[in-house]
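Structure file start_10.cif (mmCIF, C-alpha atoms) is printed below.
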data_model
#
loop_
_atom_site.label_atom_id
_atom_site.label_comp_id
_atom_site.auth_asym_id
_atom_site.auth_seq_id
_atom_site.Cartn_x
_atom_site.Cartn_y
_atom_site.Cartn_z
CA MET W 1 155.97 97.27 116.97
CA ARG W 2 152.74 96.65 115.04
CA PHE W 3 152.70 93.01 114.06
CA VAL W 4 149.52 91.87 115.80
CA MET W 5 146.18 92.10 114.07
CA ASN W 6 143.90 93.60 116.67
CA GLU W 7 142.64 96.86 115.21
CA GLN W 8 138.93 97.14 114.46
CA PRO W 9 137.86 98.35 111.01
CA ARG W 10 136.28 101.76 111.15
CA GLN W 11 132.60 102.11 110.42
CA SER W 12 131.72 103.24 106.91
CA THR W 13 128.47 105.05 107.91
CA ASN W 14 127.18 106.57 104.65
CA SER W 15 130.56 106.87 102.91
CA SER W 16 131.38 104.78 99.88
CA LEU W 17 133.81 101.92 100.36
CA ALA W 18 136.34 103.74 98.18
CA ALA W 19 136.10 106.85 100.37
CA VAL W 20 136.55 104.80 103.54
CA ILE W 21 139.66 103.01 102.23
CA ALA W 22 141.10 106.28 100.94
CA ALA W 23 140.59 107.83 104.39
CA ILE W 24 142.30 104.90 106.12
CA VAL W 25 145.36 105.27 103.89
CA ASP W 26 145.43 109.07 104.02
CA GLN W 27 145.06 109.29 107.81
CA ASP W 28 147.07 106.28 108.94
CA GLY W 29 149.22 105.21 106.00
CA SER W 30 152.88 105.65 105.16
CA ALA W 31 152.57 109.22 103.86
CA ALA W 32 151.13 110.30 107.22
CA HIS W 33 153.94 108.81 109.32
CA GLY W 34 156.24 111.40 110.86
CA TYR W 35 159.41 109.66 109.66
CA CYS W 36 158.19 109.10 106.12
CA ALA W 37 156.11 112.18 105.32
CA PRO W 38 159.02 114.63 104.83
CA ALA W 39 160.70 112.27 102.36
CA VAL W 40 157.45 111.85 100.41
CA ALA W 41 157.17 115.64 100.27
CA GLY W 42 160.71 115.87 98.90
CA GLU W 43 162.20 117.80 101.80
CA ARG W 44 165.95 118.25 101.44
CA HIS W 45 166.81 117.05 104.93
CA ALA W 46 164.52 114.01 104.92
CA PHE W 47 165.96 110.60 105.80
CA VAL W 48 166.42 109.67 102.14
CA ARG W 49 169.33 112.14 102.05
CA ASP W 50 171.21 109.80 104.38
CA LEU W 51 172.04 106.77 102.28
CA VAL W 52 172.48 104.61 105.40
CA ASP W 53 168.90 105.31 106.46
CA PHE W 54 167.76 104.84 102.88
CA ALA W 55 169.55 101.49 102.71
CA ASP W 56 167.72 100.40 105.86
CA PHE W 57 164.43 101.38 104.22
CA VAL W 58 165.19 99.50 101.01
CA HIS W 59 166.10 96.31 102.83
CA LEU W 60 163.04 96.34 105.11
CA VAL W 61 160.66 97.01 102.23
CA THR W 62 162.31 94.20 100.29
CA LEU W 63 161.93 91.83 103.24
CA LEU W 64 158.22 92.68 103.42
CA HIS W 65 157.31 92.89 99.74
CA GLY W 66 160.20 91.51 97.69
CA HIS W 67 159.23 87.85 97.85
CA VAL W 68 157.57 85.69 95.20
CA PRO W 69 154.68 85.04 95.22
CA GLY W 70 153.83 88.51 96.45
CA LEU W 71 150.88 89.90 98.34
CA VAL W 72 148.86 90.64 95.20
CA ASP W 73 149.57 87.17 93.80
CA HIS W 74 148.15 85.61 96.95
CA ALA W 75 145.19 87.99 96.98
CA ALA W 76 144.30 87.19 93.37
CA ALA W 77 143.91 83.53 94.28
CA ARG W 78 141.46 84.46 97.07
CA THR W 79 139.40 87.09 95.24
CA VAL W 80 136.18 85.96 93.57
CA GLU W 81 134.95 89.37 92.39
CA VAL W 82 135.00 89.15 88.58
CA SER W 83 135.12 92.94 88.27
CA ALA W 84 138.50 92.94 90.04
CA ARG W 85 140.26 90.53 87.69
CA GLY W 86 141.62 93.10 85.25
CA TRP W 87 142.89 95.29 88.08
CA LEU W 88 144.51 92.31 89.77
CA ILE W 89 146.26 91.19 86.58
CA LYS W 90 147.64 94.68 86.04
CA SER W 91 148.81 94.82 89.66
CA ILE W 92 150.47 91.41 89.49
CA ASP W 93 152.40 92.42 86.36
CA ALA W 94 153.36 95.77 87.89
CA PHE W 95 154.78 94.26 91.04
CA VAL W 96 157.05 91.99 89.02
CA THR W 97 158.78 95.17 87.87
CA GLU W 98 158.66 96.67 91.36
CA ARG W 99 160.41 93.63 92.85
CA GLN W 100 163.10 93.87 90.19
CA PHE W 101 163.58 97.55 91.07
CA LEU W 102 163.82 96.67 94.77
CA ASN W 103 166.44 94.04 93.99
CA ARG W 104 168.51 96.54 91.99
CA LEU W 105 168.39 99.02 94.85
CA SER W 106 169.20 96.35 97.44
CA VAL W 107 172.40 95.54 95.57
CA ALA W 108 173.27 99.21 95.07
CA VAL W 109 172.87 100.23 98.72
CA GLY W 110 174.93 97.34 100.07
CA PRO W 111 174.18 95.19 103.12
CA LEU W 112 171.66 95.97 105.83
CA PRO W 113 173.21 98.72 107.98
CA SER W 114 174.81 97.50 111.19
CA THR W 115 172.51 98.49 114.04
CA ALA W 116 172.22 97.29 117.62
CA GLY W 117 169.27 94.95 118.07
CA HIS W 118 169.65 93.24 114.69
CA SER W 119 168.15 89.94 115.86
CA GLU W 120 165.11 91.72 117.28
CA THR W 121 164.66 93.52 113.96
CA SER W 122 164.75 90.24 112.07
CA THR W 123 162.11 88.79 114.38
CA VAL W 124 159.79 91.79 114.04
CA VAL W 125 160.06 91.90 110.24
CA ALA W 126 159.43 88.16 109.99
CA GLN W 127 156.30 88.57 112.10
CA GLN W 128 155.14 91.49 109.97
CA ARG W 129 155.66 89.55 106.76
CA HIS W 130 153.78 86.56 108.19
CA ALA W 131 150.88 88.82 109.19
CA ILE W 132 150.75 90.32 105.69
CA GLU W 133 150.77 86.88 104.08
CA MET W 134 147.92 85.79 106.35
CA LEU W 135 145.87 88.79 105.28
CA ALA W 136 146.54 88.17 101.59
CA GLN W 137 145.58 84.50 101.91
CA SER W 138 142.52 85.00 104.11
CA ASP W 139 139.44 82.99 103.18
CA ARG W 140 137.22 85.78 104.47
CA ARG W 141 135.72 87.26 101.33
CA GLY W 142 137.07 90.75 100.68
CA CYS W 143 139.96 90.68 103.14
CA ALA W 144 142.60 89.73 100.58
CA LEU W 145 141.24 92.27 98.11
CA GLY W 146 141.29 94.99 100.76
CA THR W 147 144.91 94.15 101.52
CA ALA W 148 145.92 94.24 97.85
CA VAL W 149 144.05 97.49 97.19
CA THR W 150 145.73 99.13 100.15
CA LEU W 151 149.18 97.98 99.06
CA THR W 152 148.74 99.70 95.70
CA LEU W 153 147.59 102.91 97.40
CA GLU W 154 150.49 102.71 99.85
CA TRP W 155 153.00 101.87 97.15
CA HIS W 156 152.93 105.29 95.51
CA PRO W 157 154.47 107.16 98.49
CA ILE W 158 156.85 104.25 99.04
CA ARG W 159 157.86 104.39 95.39
CA ALA W 160 158.39 108.16 95.57
CA ILE W 161 161.03 107.55 98.24
CA LEU W 162 162.61 104.68 96.30
CA ASP W 163 162.84 106.94 93.24
CA ALA W 164 164.47 109.77 95.21
CA GLY W 165 167.05 107.41 96.66
CA ALA W 166 167.70 105.80 93.30
CA VAL W 167 168.49 109.19 91.77
CA ARG W 168 170.97 109.87 94.57
CA LEU W 169 172.62 106.56 93.75
CA GLY W 170 172.78 107.39 90.05
CA ILE W 171 170.14 104.79 89.13
CA GLU W 172 167.40 105.59 86.66
CA PRO W 173 164.08 104.59 88.27
CA SER W 174 162.03 102.15 86.25
CA ILE W 175 158.59 103.23 85.09
CA CYS W 176 155.98 102.47 87.74
CA THR W 177 152.91 100.73 86.31
CA VAL W 178 151.20 100.00 89.62
CA PRO W 179 147.52 101.01 89.26
CA SER W 180 147.00 104.66 90.08
CA ARG W 181 145.02 105.87 93.06
CA ALA W 182 142.16 106.80 90.72
CA GLU W 183 142.14 103.34 89.11
CA THR W 184 142.20 101.60 92.47
CA LEU W 185 139.41 103.66 94.00
CA ALA W 186 137.38 103.20 90.80
CA LEU W 187 137.71 99.44 91.29
CA LEU W 188 136.12 99.75 94.72
CA ASN W 189 133.38 102.02 93.40
CA ASP W 190 132.58 99.53 90.63
CA LEU W 191 132.17 96.47 92.88
CA PRO W 192 128.65 95.12 92.26
CA ASP W 193 127.80 94.47 95.93
CA PRO W 194 130.29 96.42 98.07
CA ASP W 195 128.23 96.25 101.28
CA ARG W 196 128.62 92.49 101.34
CA ILE W 197 132.40 92.66 101.68
CA ALA W 198 132.90 96.18 103.05
CA ARG W 199 133.92 95.17 106.58
CA ALA W 200 136.37 92.56 105.33
CA VAL W 201 137.91 95.00 102.84
CA GLN W 202 138.25 97.59 105.60
CA PHE W 203 139.83 95.00 107.88
CA GLY W 204 142.45 94.08 105.29
CA ALA W 205 143.17 97.76 104.67
CA THR W 206 143.49 98.66 108.34
CA GLN W 207 145.76 95.73 109.08
CA LEU W 208 148.13 96.37 106.16
CA VAL W 209 148.40 100.04 107.08
CA GLY W 210 149.22 98.95 110.62
CA GLN W 211 152.01 96.68 109.40
CA HIS W 212 153.47 99.49 107.31
CA ARG W 213 153.36 101.89 110.24
CA GLY W 214 155.15 99.24 112.25
CA MET W 215 157.85 99.17 109.57
CA TRP W 216 158.23 102.96 109.75
CA ASP W 217 158.34 102.88 113.55
CA LEU W 218 161.10 100.29 113.33
CA LEU W 219 163.07 102.28 110.74
CA GLN W 220 162.80 105.42 112.85
CA ALA W 221 163.94 103.58 115.97
CA ARG W 222 166.90 102.02 114.15
CA ALA W 223 167.95 105.41 112.77
CA ALA W 224 167.87 106.84 116.30
CA VAL W 225 170.02 103.97 117.59
CA ARG W 226 172.61 104.54 114.86
CA LYS W 227 172.81 108.23 115.75
CA MET W 228 173.51 107.27 119.35
CA GLN W 229 176.22 104.87 118.18
CA ASP W 230 178.01 107.58 116.15
#
Can you turn what I pasted into structure tokens?
Amino acid sequence: MRFVMNEQPRQSTNSSLAAVIAAIVDQDGSAAHGYCAPAVAGERHAFVRDLVDFADFVHLVTLLHGHVPGLVDHAAARTVEVSARGWLIKSIDAFVTERQFLNRLSVAVGPLPSTAGHSETSTVVAQQRHAIEMLAQSDRRGCALGTAVTLTLEWHPIRAILDAGAVRLGIEPSICTVPSRAETLALLNDLPDPDRIARAVQFGATQLVGQHRGMWDLLQARAAVRKMQD
């Protein structure tokens, strides 16, 4: 499982920082994972159709991102770029609503599905959450911002799955006010001196994407174990 931070940020060459971060998310993020992609695309037989698998997803996302203060809260305290303040404030406010939505879904889906290897799952998720918190509280200029930016880009496919599952449960999804992809990439394009923090931003992005892929790997493995148990 991906809970160690050992991946090297990719080189930006002549691409803008926004283009590099977008490529990291598009190529390696949640929407590109084999277990997640069909659900994001709305395929009828995707895992979200199985409410047990969906419940597992809701609980693991909540364990990673349902705590207060959240990733963006931590990142805001470590980000000195004045041009990012408005975006950060909007993101902080948006994730208050997102955590409330996660809590509603956590109650609706019931307890974490019984799956062999529960203690190992708890250990892995705790390590992933710790790694994410370290990234969001990094003193390396740009790392926390890169982590927060990537969470907002990643959140839209995650939210698409949450919405699909909510509808199946008869729950009206709340309005998502997380900054759009366009707003987030515009933030990166508008940074006054992006080259100064580019590597740190890329590092935060790469590491968060790695933690999310680790979550999807774990969800996929747990679903396979449950099928064997049936």
Please provide the set of residues having any atom within 7 Å of region 197-205 of chain W, restricted to all atoms listed in the file, with same-chain residues fewer than 3 positions apart removed, written as a PyMOL selection string. chain W and resi 8-9+17+21+135+140-147+150+194+208-209
Atoms to include: C-alpha atoms. Write the selected residues as an mmCIF file, keeping the file's coordinate frame.
data_model
loop_
_atom_site.group_PDB
_atom_site.id
_atom_site.type_symbol
_atom_site.label_atom_id
_atom_site.label_comp_id
_atom_site.auth_asym_id
_atom_site.auth_seq_id
_atom_site.Cartn_x
_atom_site.Cartn_y
_atom_site.Cartn_z
ATOM 1 C CA GLN W 8 138.930 97.140 114.460
ATOM 2 C CA PRO W 9 137.860 98.350 111.010
ATOM 3 C CA LEU W 17 133.810 101.920 100.360
ATOM 4 C CA ILE W 21 139.660 103.010 102.230
ATOM 5 C CA LEU W 135 145.870 88.790 105.280
ATOM 6 C CA ARG W 140 137.220 85.780 104.470
ATOM 7 C CA ARG W 141 135.720 87.260 101.330
ATOM 8 C CA GLY W 142 137.070 90.750 100.680
ATOM 9 C CA CYS W 143 139.960 90.680 103.140
ATOM 10 C CA ALA W 144 142.600 89.730 100.580
ATOM 11 C CA LEU W 145 141.240 92.270 98.110
ATOM 12 C CA GLY W 146 141.290 94.990 100.760
ATOM 13 C CA THR W 147 144.910 94.150 101.520
ATOM 14 C CA THR W 150 145.730 99.130 100.150
ATOM 15 C CA PRO W 194 130.290 96.420 98.070
ATOM 16 C CA LEU W 208 148.130 96.370 106.160
ATOM 17 C CA VAL W 209 148.400 100.040 107.080
#
Going by the chain IDs and residue numbers used in this file, which residues fall under the PyMOL selection byres ((chain W and resi 31) around 12)? Write them as a VMD selection string. chain W and resid 24 to 30 32 to 42 153 to 161 209 212 to 213 216
At a cut-off of 9 Å, using only C-alpha atoms, what residues contact region 54-56 of chain W? Leave out same-chain residues fewer than 4 positions from it and give the result as a list in words.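 Once the nearby chain positions are removed, what remains is Phe47, Val48, Arg49, Asp50, Leu60, Val61, Leu105, Ser106, Ala108, Val109, Gly110, Pro111, Leu112, Pro113, Ile161, Leu162, Gly165, Leu219, Arg222 and Ala223 of chain W.
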Neighbours of region 62-67 of chain W within 10 Å (all atoms listed in the file; same-chain residues fewer than 4 positions away dropped), as a PyMOL selection string? chain W and resi 56-58+71-72+95-96+98-103+105-106+122+125-130+132-133+151+211-212+215
When you count only C-alpha atoms, which of these residues is closest to Gly86 (chain W): W:Ala19, W:Leu187, W:Ala46, W:Ala136?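 That would be W:Leu187, the residue with the smallest distance to Gly86 (chain W).
When only C-alpha atoms are used to compute distances to Glu81 (chain W), the closest of the residues W:Met228, W:Leu188, W:Ala221, W:Val107 turns out to be W:Leu188.
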Enter the distance from CA of Ala186 (chain W) to CA of Thr79 (chain W), in Å, rounded to one decimal.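 Separating CA of Ala186 (chain W) from CA of Thr79 (chain W) is a distance of 16.8 Å.
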Can you tell me how far CA of Leu51 (chain W) sits from CA of Val167 (chain W), in Å to one decimal? 11.4 Å
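With distances taken over all atoms listed in the file, W:Val124 is the one residue among W:Ala116, W:Val82, W:Ile175, W:Val124 lying closest to Gly214 (chain W).
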Kindly indicate which residue among W:Ala94, W:Leu218, W:Ala131, W:Ala224 lies nearest to Ser174 (chain W), using only C-alpha atoms for the distances.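 Using only C-alpha atoms, Ser174 (chain W) sits closest to W:Ala94.
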In Å and to one decimal, CA of Arg78 (chain W) is distant from CA of Ser138 (chain W) by 7.1 Å
Using all atoms of region 44-49 of chain W listed in the file and a margin of 6 Å per side, can you give the axis-aligned box centre and edge lengths in Å to one decimal, as lines of an AutoDock Vina configuration file?
center_x = 166.9
center_y = 114.0
center_z = 103.6
size_x = 16.8
size_y = 20.6
size_z = 16.4
Top pick for closest residue to Arg85 (chain W), considering W:Arg226, W:Leu191, W:Thr123, W:Arg196 and counting all atoms listed in the file: W:Leu191
